[in-house]
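K.L.:
Got a structure for you, target00.cif, holding mmCIF, C-alpha atoms and all ligand atoms.
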```
data_start
#
loop_
_atom_site.group_PDB
_atom_site.id
_atom_site.type_symbol
_atom_site.label_atom_id
_atom_site.label_comp_id
_atom_site.auth_asym_id
_atom_site.auth_seq_id
_atom_site.Cartn_x
_atom_site.Cartn_y
_atom_site.Cartn_z
ATOM 1 C CA MET V 1 69.161 102.213 111.940
ATOM 2 C CA SER V 2 70.430 103.894 115.094
ATOM 3 C CA PHE V 3 74.008 102.607 114.636
ATOM 4 C CA SER V 4 76.412 104.142 112.145
ATOM 5 C CA ALA V 5 79.056 101.427 112.487
ATOM 6 C CA VAL V 6 79.197 97.736 113.325
ATOM 7 C CA LEU V 7 82.434 96.163 114.564
ATOM 8 C CA LEU V 8 82.567 92.398 114.252
ATOM 9 C CA ASP V 9 84.836 89.937 115.950
ATOM 10 C CA LEU V 10 86.212 87.170 113.690
ATOM 11 C CA ASP V 11 87.037 83.862 115.421
ATOM 12 C CA GLY V 12 83.908 82.349 116.947
ATOM 13 C CA THR V 13 81.656 85.145 115.630
ATOM 14 C CA LEU V 14 81.975 85.232 111.826
ATOM 15 C CA ILE V 15 83.935 82.030 111.211
ATOM 16 C CA ASP V 16 84.443 78.739 113.061
ATOM 17 C CA THR V 17 88.227 78.583 112.919
ATOM 18 C CA ILE V 18 88.776 75.925 115.573
ATOM 19 C CA PRO V 19 89.438 72.932 113.251
ATOM 20 C CA ASP V 20 92.298 74.752 111.465
ATOM 21 C CA LEU V 21 93.639 76.313 114.692
ATOM 22 C CA ALA V 22 93.581 72.897 116.385
ATOM 23 C CA ASN V 23 95.310 71.218 113.442
ATOM 24 C CA ALA V 24 98.079 73.829 113.486
ATOM 25 C CA ALA V 25 98.381 73.739 117.303
ATOM 26 C CA ASN V 26 98.611 69.945 117.302
ATOM 27 C CA ALA V 27 101.141 69.932 114.442
ATOM 28 C CA MET V 28 103.223 72.294 116.602
ATOM 29 C CA ARG V 29 102.806 69.992 119.617
ATOM 30 C CA LEU V 30 103.893 66.983 117.558
ATOM 31 C CA GLU V 31 107.097 68.771 116.491
ATOM 32 C CA MET V 32 107.709 69.702 120.139
ATOM 33 C CA ASP V 33 107.136 66.127 121.416
ATOM 34 C CA LEU V 34 103.775 66.805 123.043
ATOM 35 C CA ALA V 35 100.631 64.690 122.623
ATOM 36 C CA PRO V 36 97.720 66.166 120.658
ATOM 37 C CA LEU V 37 94.861 67.956 122.447
ATOM 38 C CA SER V 38 91.145 67.817 121.610
ATOM 39 C CA GLN V 39 89.497 70.661 119.693
ATOM 40 C CA ASP V 40 87.407 71.453 122.794
ATOM 41 C CA VAL V 41 90.515 72.028 124.901
ATOM 42 C CA ILE V 42 92.197 74.151 122.226
ATOM 43 C CA ALA V 43 89.009 76.213 121.781
ATOM 44 C CA ARG V 44 89.354 77.341 125.401
ATOM 45 C CA TYR V 45 92.801 78.790 124.611
ATOM 46 C CA VAL V 46 91.506 81.018 121.773
ATOM 47 C CA GLY V 47 90.573 84.644 122.373
ATOM 48 C CA LYS V 48 93.610 86.609 123.511
ATOM 49 C CA GLY V 49 95.691 86.318 120.342
ATOM 50 C CA THR V 50 98.093 83.823 118.798
ATOM 51 C CA GLU V 51 100.951 84.267 121.296
ATOM 52 C CA ASN V 52 98.518 83.406 124.076
ATOM 53 C CA LEU V 53 97.158 80.429 122.154
ATOM 54 C CA VAL V 54 100.696 79.086 121.761
ATOM 55 C CA LEU V 55 101.590 79.843 125.394
ATOM 56 C CA ARG V 56 98.444 78.149 126.688
ATOM 57 C CA THR V 57 98.849 75.192 124.304
ATOM 58 C CA LEU V 58 102.464 74.624 125.421
ATOM 59 C CA SER V 59 101.527 75.084 129.104
ATOM 60 C CA ASN V 60 99.367 71.959 128.757
ATOM 61 C CA ASN V 61 102.247 69.517 129.293
ATOM 62 C CA PRO V 62 102.767 66.495 131.557
ATOM 63 C CA LYS V 63 104.885 68.474 134.060
ATOM 64 C CA GLY V 64 102.491 71.428 134.108
ATOM 65 C CA SER V 65 105.502 73.661 133.541
ATOM 66 C CA VAL V 66 105.250 77.180 132.138
ATOM 67 C CA PRO V 67 107.199 77.289 128.846
ATOM 68 C CA ALA V 68 110.225 79.613 128.679
ATOM 69 C CA ALA V 69 110.099 82.667 126.409
ATOM 70 C CA ASP V 70 112.397 81.100 123.778
ATOM 71 C CA GLU V 71 110.231 77.956 123.733
ATOM 72 C CA VAL V 72 107.117 80.077 123.094
ATOM 73 C CA LYS V 73 108.969 81.958 120.328
ATOM 74 C CA HIS V 74 109.981 78.641 118.761
ATOM 75 C CA GLY V 75 106.399 77.361 119.125
ATOM 76 C CA LEU V 76 105.045 80.505 117.458
ATOM 77 C CA GLU V 77 107.290 79.963 114.432
ATOM 78 C CA ILE V 78 106.161 76.340 114.106
ATOM 79 C CA PHE V 79 102.490 77.207 114.683
ATOM 80 C CA GLY V 80 102.655 80.030 112.121
ATOM 81 C CA ARG V 81 104.122 77.765 109.461
ATOM 82 C CA HIS V 82 101.384 75.165 109.976
ATOM 83 C CA TYR V 83 98.537 77.673 110.323
ATOM 84 C CA HIS V 84 99.516 79.412 107.085
ATOM 85 C CA ALA V 85 99.367 75.998 105.393
ATOM 86 C CA VAL V 86 95.847 75.116 106.629
ATOM 87 C CA ASN V 87 94.214 78.520 107.312
ATOM 88 C CA GLY V 88 90.704 78.315 105.852
ATOM 89 C CA ASP V 89 90.813 74.604 104.891
ATOM 90 C CA GLU V 90 88.145 73.556 107.405
ATOM 91 C CA ALA V 91 86.944 77.016 108.458
ATOM 92 C CA VAL V 92 83.180 77.477 108.217
ATOM 93 C CA VAL V 93 81.261 80.757 108.019
ATOM 94 C CA TYR V 94 78.520 80.500 110.654
ATOM 95 C CA PRO V 95 74.851 80.379 109.583
ATOM 96 C CA GLY V 96 73.278 83.841 109.406
ATOM 97 C CA VAL V 97 76.562 85.694 108.873
ATOM 98 C CA VAL V 98 76.181 86.510 105.170
ATOM 99 C CA SER V 99 72.490 87.451 105.449
ATOM 100 C CA GLY V 100 73.238 89.522 108.570
ATOM 101 C CA LEU V 101 76.121 91.403 106.923
ATOM 102 C CA GLU V 102 73.917 91.998 103.867
ATOM 103 C CA ALA V 103 71.200 93.424 106.140
ATOM 104 C CA PHE V 104 73.663 95.806 107.807
ATOM 105 C CA ARG V 105 75.020 96.839 104.398
ATOM 106 C CA THR V 106 71.520 97.473 103.062
ATOM 107 C CA ALA V 107 70.852 99.655 106.130
ATOM 108 C CA GLY V 108 73.908 101.762 105.188
ATOM 109 C CA VAL V 109 75.976 100.803 108.234
ATOM 110 C CA LYS V 110 79.771 100.895 107.878
ATOM 111 C CA MET V 111 81.466 97.677 108.941
ATOM 112 C CA ALA V 112 84.889 96.646 110.234
ATOM 113 C CA VAL V 113 86.362 93.450 111.600
ATOM 114 C CA VAL V 114 88.133 93.847 114.941
ATOM 115 C CA THR V 115 90.016 90.662 115.776
ATOM 116 C CA ASN V 116 92.876 89.599 118.027
ATOM 117 C CA LYS V 117 94.118 87.366 115.201
ATOM 118 C CA PRO V 118 97.308 88.679 113.554
ATOM 119 C CA THR V 119 97.019 90.433 110.156
ATOM 120 C CA GLU V 120 99.024 87.752 108.326
ATOM 121 C CA PHE V 121 96.312 85.159 109.089
ATOM 122 C CA THR V 122 93.236 87.427 109.105
ATOM 123 C CA LEU V 123 93.358 88.945 105.621
ATOM 124 C CA PRO V 124 93.829 85.685 103.674
ATOM 125 C CA LEU V 125 91.096 84.002 105.754
ATOM 126 C CA LEU V 126 88.536 86.769 105.106
ATOM 127 C CA GLU V 127 89.323 86.588 101.367
ATOM 128 C CA ARG V 128 89.122 82.815 101.263
ATOM 129 C CA ALA V 129 85.830 82.777 103.185
ATOM 130 C CA GLY V 130 84.354 85.335 100.747
ATOM 131 C CA LEU V 131 83.685 87.917 103.490
ATOM 132 C CA ALA V 132 86.395 90.529 102.818
ATOM 133 C CA HIS V 133 84.222 92.678 100.523
ATOM 134 C CA PHE V 134 81.799 93.526 103.355
ATOM 135 C CA PHE V 135 84.377 95.441 105.401
ATOM 136 C CA GLU V 136 85.795 98.940 104.945
ATOM 137 C CA HIS V 137 88.537 98.229 107.480
ATOM 138 C CA VAL V 138 90.083 95.271 109.277
ATOM 139 C CA VAL V 139 91.766 95.866 112.646
ATOM 140 C CA CYS V 140 93.880 92.889 113.707
ATOM 141 C CA GLY V 141 95.702 91.758 116.839
ATOM 142 C CA ASP V 142 98.912 93.458 115.692
ATOM 143 C CA THR V 143 97.343 96.655 114.289
ATOM 144 C CA CYS V 144 97.351 98.573 117.602
ATOM 145 C CA THR V 145 99.749 98.389 120.527
ATOM 146 C CA ARG V 146 97.055 96.739 122.663
ATOM 147 C CA LYS V 147 94.543 93.964 121.912
ATOM 148 C CA LYS V 148 90.993 93.364 123.163
ATOM 149 C CA PRO V 149 89.950 93.342 126.055
ATOM 150 C CA ASP V 150 91.606 96.780 125.822
ATOM 151 C CA PRO V 151 89.257 99.201 124.011
ATOM 152 C CA MET V 152 92.053 100.499 121.755
ATOM 153 C CA PRO V 153 91.345 98.331 118.650
ATOM 154 C CA LEU V 154 87.593 99.115 118.746
ATOM 155 C CA LEU V 155 88.276 102.840 119.144
ATOM 156 C CA HIS V 156 90.806 102.678 116.314
ATOM 157 C CA ALA V 157 88.192 101.036 114.072
ATOM 158 C CA CYS V 158 85.747 103.844 114.893
ATOM 159 C CA GLU V 159 88.353 106.416 113.941
ATOM 160 C CA LEU V 160 88.973 104.659 110.621
ATOM 161 C CA LEU V 161 85.224 104.493 109.946
ATOM 162 C CA GLN V 162 84.747 108.081 111.208
ATOM 163 C CA ALA V 163 82.084 106.855 113.594
ATOM 164 C CA ASP V 164 81.317 107.993 117.137
ATOM 165 C CA PRO V 165 81.902 105.038 119.515
ATOM 166 C CA GLN V 166 78.510 105.803 121.101
ATOM 167 C CA ASP V 167 76.877 105.116 117.724
ATOM 168 C CA ALA V 168 78.806 101.876 117.191
ATOM 169 C CA LEU V 169 77.628 98.324 117.796
ATOM 170 C CA ALA V 170 80.215 95.665 118.667
ATOM 171 C CA ILE V 171 79.386 91.983 118.170
ATOM 172 C CA GLY V 172 81.543 89.203 119.592
ATOM 173 C CA ASP V 173 81.702 85.808 121.229
ATOM 174 C CA SER V 174 83.921 86.396 124.233
ATOM 175 C CA ILE V 175 84.754 88.293 127.376
ATOM 176 C CA ASN V 176 87.439 90.118 125.394
ATOM 177 C CA ASP V 177 84.814 91.659 123.098
ATOM 178 C CA ALA V 178 82.448 92.464 125.975
ATOM 179 C CA LEU V 179 85.090 94.183 128.137
ATOM 180 C CA ALA V 180 86.620 96.078 125.202
ATOM 181 C CA ALA V 181 83.226 97.343 123.997
ATOM 182 C CA ARG V 182 82.119 98.443 127.449
ATOM 183 C CA ALA V 183 85.408 100.279 128.020
ATOM 184 C CA ALA V 184 84.930 101.971 124.620
ATOM 185 C CA GLY V 185 81.388 103.055 125.562
ATOM 186 C CA MET V 186 79.740 100.954 122.852
ATOM 187 C CA THR V 187 76.612 98.871 122.654
ATOM 188 C CA VAL V 188 77.632 95.204 122.550
ATOM 189 C CA LEU V 189 75.938 91.953 121.568
ATOM 190 C CA ALA V 190 77.240 88.430 122.197
ATOM 191 C CA VAL V 191 76.696 85.294 120.127
ATOM 192 C CA PRO V 192 76.546 82.003 122.082
ATOM 193 C CA TYR V 193 78.077 79.636 119.508
ATOM 194 C CA GLY V 194 81.723 80.766 119.687
ATOM 195 C CA TYR V 195 84.564 80.315 122.142
ATOM 196 C CA ASN V 196 84.397 82.266 125.369
ATOM 197 C CA GLU V 197 87.559 80.756 126.875
ATOM 198 C CA GLY V 198 85.422 77.954 128.294
ATOM 199 C CA MET V 199 82.922 80.265 130.037
ATOM 200 C CA ASP V 200 79.164 80.593 129.583
ATOM 201 C CA VAL V 201 78.271 83.674 127.476
ATOM 202 C CA ARG V 202 75.396 84.351 129.862
ATOM 203 C CA THR V 203 78.000 85.547 132.389
ATOM 204 C CA LEU V 204 79.075 88.360 130.050
ATOM 205 C CA GLU V 205 78.092 91.960 130.701
ATOM 206 C CA VAL V 206 76.499 92.722 127.311
ATOM 207 C CA ASP V 207 73.355 94.448 126.024
ATOM 208 C CA ASP V 208 71.917 91.217 124.697
ATOM 209 C CA ILE V 209 72.703 87.736 123.432
ATOM 210 C CA VAL V 210 71.645 87.036 119.839
ATOM 211 C CA MET V 211 71.673 83.661 118.100
ATOM 212 C CA SER V 212 73.258 84.900 114.852
ATOM 213 C CA ILE V 213 74.566 87.950 112.992
ATOM 214 C CA SER V 214 71.270 87.972 111.119
ATOM 215 C CA GLU V 215 69.461 88.243 114.463
ATOM 216 C CA ALA V 216 71.925 90.986 115.472
ATOM 217 C CA ALA V 217 70.879 93.023 112.412
ATOM 218 C CA GLN V 218 67.216 92.575 113.368
ATOM 219 C CA TRP V 219 67.999 93.561 116.972
ATOM 220 C CA ALA V 220 69.865 96.679 115.782
ATOM 221 C CA SER V 221 66.985 97.729 113.517
ATOM 222 C CA ARG V 222 64.625 97.680 116.526
ATOM 223 C CA GLN V 223 66.725 100.110 118.608
ATOM 224 C CA PRO V 224 65.343 103.654 118.768
ATOM 225 C CA ILE V 225 67.361 106.249 116.850
ATOM 226 C CA ASN V 226 69.730 108.366 119.033
ATOM 227 C CA ASN V 227 68.664 106.438 122.081
ATOM 228 C CA ASN V 228 70.948 103.444 122.120
ATOM 229 C CA PRO V 229 70.766 101.309 125.257
HETATM 230 O O1 LIG Y 301 93.002 85.260 117.813
HETATM 231 C C1 LIG Y 301 92.284 85.109 118.831
HETATM 232 O O2 LIG Y 301 92.729 84.755 119.926
HETATM 233 C C2 LIG Y 301 90.811 85.374 118.749
HETATM 234 O O3 LIG Y 301 90.445 86.168 117.672
HETATM 235 P P1 LIG Y 301 89.062 86.983 117.750
HETATM 236 O O4 LIG Y 301 89.403 88.275 118.442
HETATM 237 O O5 LIG Y 301 88.693 87.164 116.290
HETATM 238 O O6 LIG Y 301 88.068 86.142 118.483
HETATM 239 MG MG MG Y 302 86.167 85.718 119.084
#
```
Let's see the structure in the file written out as structure tokens.
Ligand SMILES: O=C(O)COP(=O)(O)O
Ligand SMILES: [Mg+2]

P.N.:
Amino acid sequence: MSFSAVLLDLDGTLIDTIPDLANAANAMRLEMDLAPLSQDVIARYVGKGTENLVLRTLSNNPKGSVPAADEVKHGLEIFGRHYHAVNGDEAVVYPGVVSGLEAFRTAGVKMAVVTNKPTEFTLPLLERAGLAHFFEHVVCGDTCTRKKPDPMPLLHACELLQADPQDALAIGDSINDALAARAAGMTVLAVPYGYNEGMDVRTLEVDDIVMSISEAAQWASRQPINNNP
């Protein structure tokens, strides 16, 4: 295979985390005297990390007011308590993920997760979902000083895997993955089944759209060696 490393996004790419995220976000809203929101609305707020999810969730209020910093901090504490309690309960590994990761492993490709989700939620979720053993490294939203769409977490993962970014393939579901990968000089694939902050994945500047991680492994095996697109 022409790639030496594959960097996979988590939420919306490996695992459907929306039911648990929505339950925790709505439990936070209830404690803060706000009405619950639908999973579809909450899915649009996922992608730029937990602080942003809380900020966006609290900004959806009858007055349309932007929550103050101390309100967001309070919301984060409440959200964190609830998300720890439900993280993984209703999470579902997407079809094609396990077979795709097995195909990459068989091809000898090193793998890392690069997610904007904080470490405290990411590691237990990967263990609970039975995916942790596939990855040599896990780079989370609080691992580097900047998150995706900044290239820093992807470049950090390459350093950890001792891979040249030009030989790395990033796979994600959102604009954050696409922009980060492009800025890092990587090949990037998008999956259409995740959460792209409410936008159509076809608007993303990526090398291709694949229907699953299994299809991504097939796509990668077709790329000519040392001549990545
Ligand atoms: O935590 C988020 O906002 C999204 O996480 P992701 O980078 O795994 O999609
Ligand atoms: Mg994602």

K.L.:
Set the distance at 8 Å and use all atoms listed in the file: which residues neighbour V:Lys117 once local chain neighbours fewer than 6 positions away are removed? I'd like the list as a list in words.

P.N.:
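The residues that qualify are Asp11, Gly49, Thr50, Cys140, Gly141 and Asp142 of chain V.
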
K.L.:
Name the closest residue to V:Ala184 among the candidates V:Val41, V:Leu155, V:Asn196, V:Val92; distances are taken between atoms, counting all atoms listed in the file.

P.N.:
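Smallest separation from V:Ala184 among the options: V:Leu155.
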
K.L.:
Would you kindly translate the PyMOL selection byres (((chain V and resi 102) around 12) and not hetatm) into the concrete residues it picks from this file, as an MDAnalysis selection string?

P.N.:
chainID V and resid 96:101 103:111 131 133:135 213:214 216:218

K.L.:
Taking only C-alpha atoms and all ligand atoms into account, which residues are within 12 Å of ligand MG 302 (chain Y), as number ranges by chain?

P.N.:
V: 7-18, 43-49, 113-117, 140-141, 148-149, 170-178, 190-197, 201

K.L.:
Give me, please, the distance in Å between atom O1 of ligand LIG 301 (chain Y) and atom CA of V:Leu53, quoted to one decimal.

P.N.:
7.7 Å

K.L.:
Can you list, as a PyMOL selection string, the residues that the PyMOL selection byres (((chain V and resi 85) around 12) and not hetatm) selects here?

P.N.:
chain V and resi 20-21+23-24+27+78-84+86-90+121+124-125

K.L.:
Give the padded box for ligand LIG 301 (chain Y) as JSON: axis-aligned, covering all atoms listed in the file, 8 Å on each side, centre and edge lengths in Å to one decimal.

P.N.:
```
{"center_x": 90.5, "center_y": 86.5, "center_z": 118.1, "size_x": 20.9, "size_y": 19.5, "size_z": 19.6}
```

K.L.:
Select, from V:Ser2, V:Ser65, V:Gln39, V:Thr119, the residue with the minimum atom-to-atom distance to ligand LIG 301 (chain Y), counting all atoms listed in the file.

P.N.:
V:Thr119

K.L.:
Find, counting all atoms listed in the file, the residue in V:Glu127, V:Glu31, V:Glu136, V:Asp150 that gets nearest to ligand LIG 301 (chain Y).

P.N.:
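For ligand LIG 301 (chain Y), the nearest of the candidates is V:Asp150.
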
K.L.:
Identify all residues satisfying the PyMOL selection byres (((chain V and resi 160-163) around 8) and not hetatm) in the given file; provide them as a PyMOL selection string.

P.N.:
chain V and resi 4-5+110-112+136-137+156-159+164-165+167-168

K.L.:
Export C-alpha atoms of the chosen residues as a PDB file, in the frame of the given file?

P.N.:
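Everything below was put into out33.pdb:
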```
ATOM      1  CA  SER V   4      76.412 104.142 112.145  1.00  0.00           C
ATOM      2  CA  ALA V   5      79.056 101.427 112.487  1.00  0.00           C
ATOM      3  CA  LYS V 110      79.771 100.895 107.878  1.00  0.00           C
ATOM      4  CA  MET V 111      81.466  97.677 108.941  1.00  0.00           C
ATOM      5  CA  ALA V 112      84.889  96.646 110.234  1.00  0.00           C
ATOM      6  CA  GLU V 136      85.795  98.940 104.945  1.00  0.00           C
ATOM      7  CA  HIS V 137      88.537  98.229 107.480  1.00  0.00           C
ATOM      8  CA  HIS V 156      90.806 102.678 116.314  1.00  0.00           C
ATOM      9  CA  ALA V 157      88.192 101.036 114.072  1.00  0.00           C
ATOM     10  CA  CYS V 158      85.747 103.844 114.893  1.00  0.00           C
ATOM     11  CA  GLU V 159      88.353 106.416 113.941  1.00  0.00           C
ATOM     12  CA  ASP V 164      81.317 107.993 117.137  1.00  0.00           C
ATOM     13  CA  PRO V 165      81.902 105.038 119.515  1.00  0.00           C
ATOM     14  CA  ASP V 167      76.877 105.116 117.724  1.00  0.00           C
ATOM     15  CA  ALA V 168      78.806 101.876 117.191  1.00  0.00           C
TER      16      ALA V 168
END
```

K.L.:
Which value, in Å to one decimal, gives the distance between atom CA of V:Pro19 and atom CA of V:Cys144?

P.N.:
27.2 Å

K.L.:
Have a look at atom CA of V:Asn52 and atom CA of V:Asp208 and let me know their distance in Å, one decimal.

P.N.:
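Computing it gives 27.7 Å between the two atoms.
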
K.L.:
Restricting the calculation to all atoms listed in the file: of V:Ser38, V:Glu71, V:Pro95, V:Lys147, which residue gets closest to ligand LIG 301 (chain Y)?

P.N.:
V:Lys147

K.L.:
Looking at V:Gly75, V:Pro36, V:Pro224, V:Pro153, which one is nearest to ligand LIG 301 (chain Y), with distances taken over only C-alpha atoms and all ligand atoms?

P.N.:
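Of V:Gly75, V:Pro36, V:Pro224, V:Pro153, the one nearest ligand LIG 301 (chain Y), counting only C-alpha atoms and all ligand atoms, is V:Pro153.
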
K.L.:
Just checking: using all atoms listed in the file, which residue out of V:Thr203, V:Thr122, V:Thr145, V:Asn60 ends up closest to ligand LIG 301 (chain Y)?

P.N.:
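Result for the nearest residue to ligand LIG 301 (chain Y): V:Thr122.
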
K.L.:
Please output stretch 108-134 of chain V, rebuilt to include N, CA and C atoms, as a compact mmCIF listing (two decimals), in the frame of the given file.

P.N.:
```txt
# COMPACT_ATOMS: atom_id res chain seq x y z
N GLY V 108 72.94 100.67 105.33
CA GLY V 108 73.91 101.76 105.19
C GLY V 108 74.89 101.87 106.34
N VAL V 109 75.07 100.79 107.09
CA VAL V 109 75.98 100.80 108.23
C VAL V 109 77.39 100.44 107.76
N LYS V 110 78.38 101.21 108.24
CA LYS V 110 79.77 100.90 107.88
C LYS V 110 80.26 99.74 108.77
N MET V 111 81.05 98.85 108.17
CA MET V 111 81.47 97.68 108.94
C MET V 111 82.98 97.48 108.95
N ALA V 112 83.48 97.01 110.10
CA ALA V 112 84.89 96.65 110.23
C ALA V 112 84.98 95.35 111.03
N VAL V 113 86.02 94.59 110.75
CA VAL V 113 86.36 93.45 111.60
C VAL V 113 87.36 93.95 112.64
N VAL V 114 87.16 93.54 113.89
CA VAL V 114 88.13 93.85 114.94
C VAL V 114 88.46 92.52 115.63
N THR V 115 89.63 92.00 115.31
CA THR V 115 90.02 90.66 115.78
C THR V 115 91.37 90.70 116.49
N ASN V 116 91.57 89.75 117.39
CA ASN V 116 92.88 89.60 118.03
C ASN V 116 93.81 88.72 117.19
N LYS V 117 93.30 88.19 116.10
CA LYS V 117 94.12 87.37 115.20
C LYS V 117 95.10 88.27 114.44
N PRO V 118 96.35 87.83 114.28
CA PRO V 118 97.31 88.68 113.55
C PRO V 118 96.91 88.91 112.09
N THR V 119 97.36 90.04 111.53
CA THR V 119 97.02 90.43 110.16
C THR V 119 97.38 89.34 109.15
N GLU V 120 98.54 88.73 109.32
CA GLU V 120 99.02 87.75 108.33
C GLU V 120 98.07 86.56 108.17
N PHE V 121 97.28 86.26 109.20
CA PHE V 121 96.31 85.16 109.09
C PHE V 121 94.91 85.67 108.77
N THR V 122 94.60 86.89 109.23
CA THR V 122 93.24 87.43 109.10
C THR V 122 92.87 87.74 107.65
N LEU V 123 93.73 88.48 106.96
CA LEU V 123 93.36 88.94 105.62
C LEU V 123 93.16 87.79 104.65
N PRO V 124 94.08 86.81 104.59
CA PRO V 124 93.83 85.68 103.67
C PRO V 124 92.57 84.88 104.03
N LEU V 125 92.28 84.78 105.34
CA LEU V 125 91.10 84.00 105.75
C LEU V 125 89.82 84.70 105.31
N LEU V 126 89.75 86.03 105.51
CA LEU V 126 88.54 86.77 105.11
C LEU V 126 88.33 86.68 103.59
N GLU V 127 89.42 86.72 102.83
CA GLU V 127 89.32 86.59 101.37
C GLU V 127 88.82 85.20 101.01
N ARG V 128 89.44 84.19 101.61
CA ARG V 128 89.12 82.82 101.26
C ARG V 128 87.68 82.46 101.63
N ALA V 129 87.20 83.05 102.73
CA ALA V 129 85.83 82.78 103.18
C ALA V 129 84.80 83.61 102.42
N GLY V 130 85.27 84.52 101.55
CA GLY V 130 84.35 85.34 100.75
C GLY V 130 83.70 86.46 101.52
N LEU V 131 84.30 86.87 102.65
CA LEU V 131 83.68 87.92 103.49
C LEU V 131 84.38 89.27 103.37
N ALA V 132 85.57 89.30 102.79
CA ALA V 132 86.40 90.53 102.82
C ALA V 132 85.66 91.74 102.25
N HIS V 133 84.85 91.54 101.22
CA HIS V 133 84.22 92.68 100.52
C HIS V 133 83.20 93.43 101.38
N PHE V 134 82.78 92.84 102.50
CA PHE V 134 81.80 93.53 103.36
C PHE V 134 82.43 94.65 104.18
```
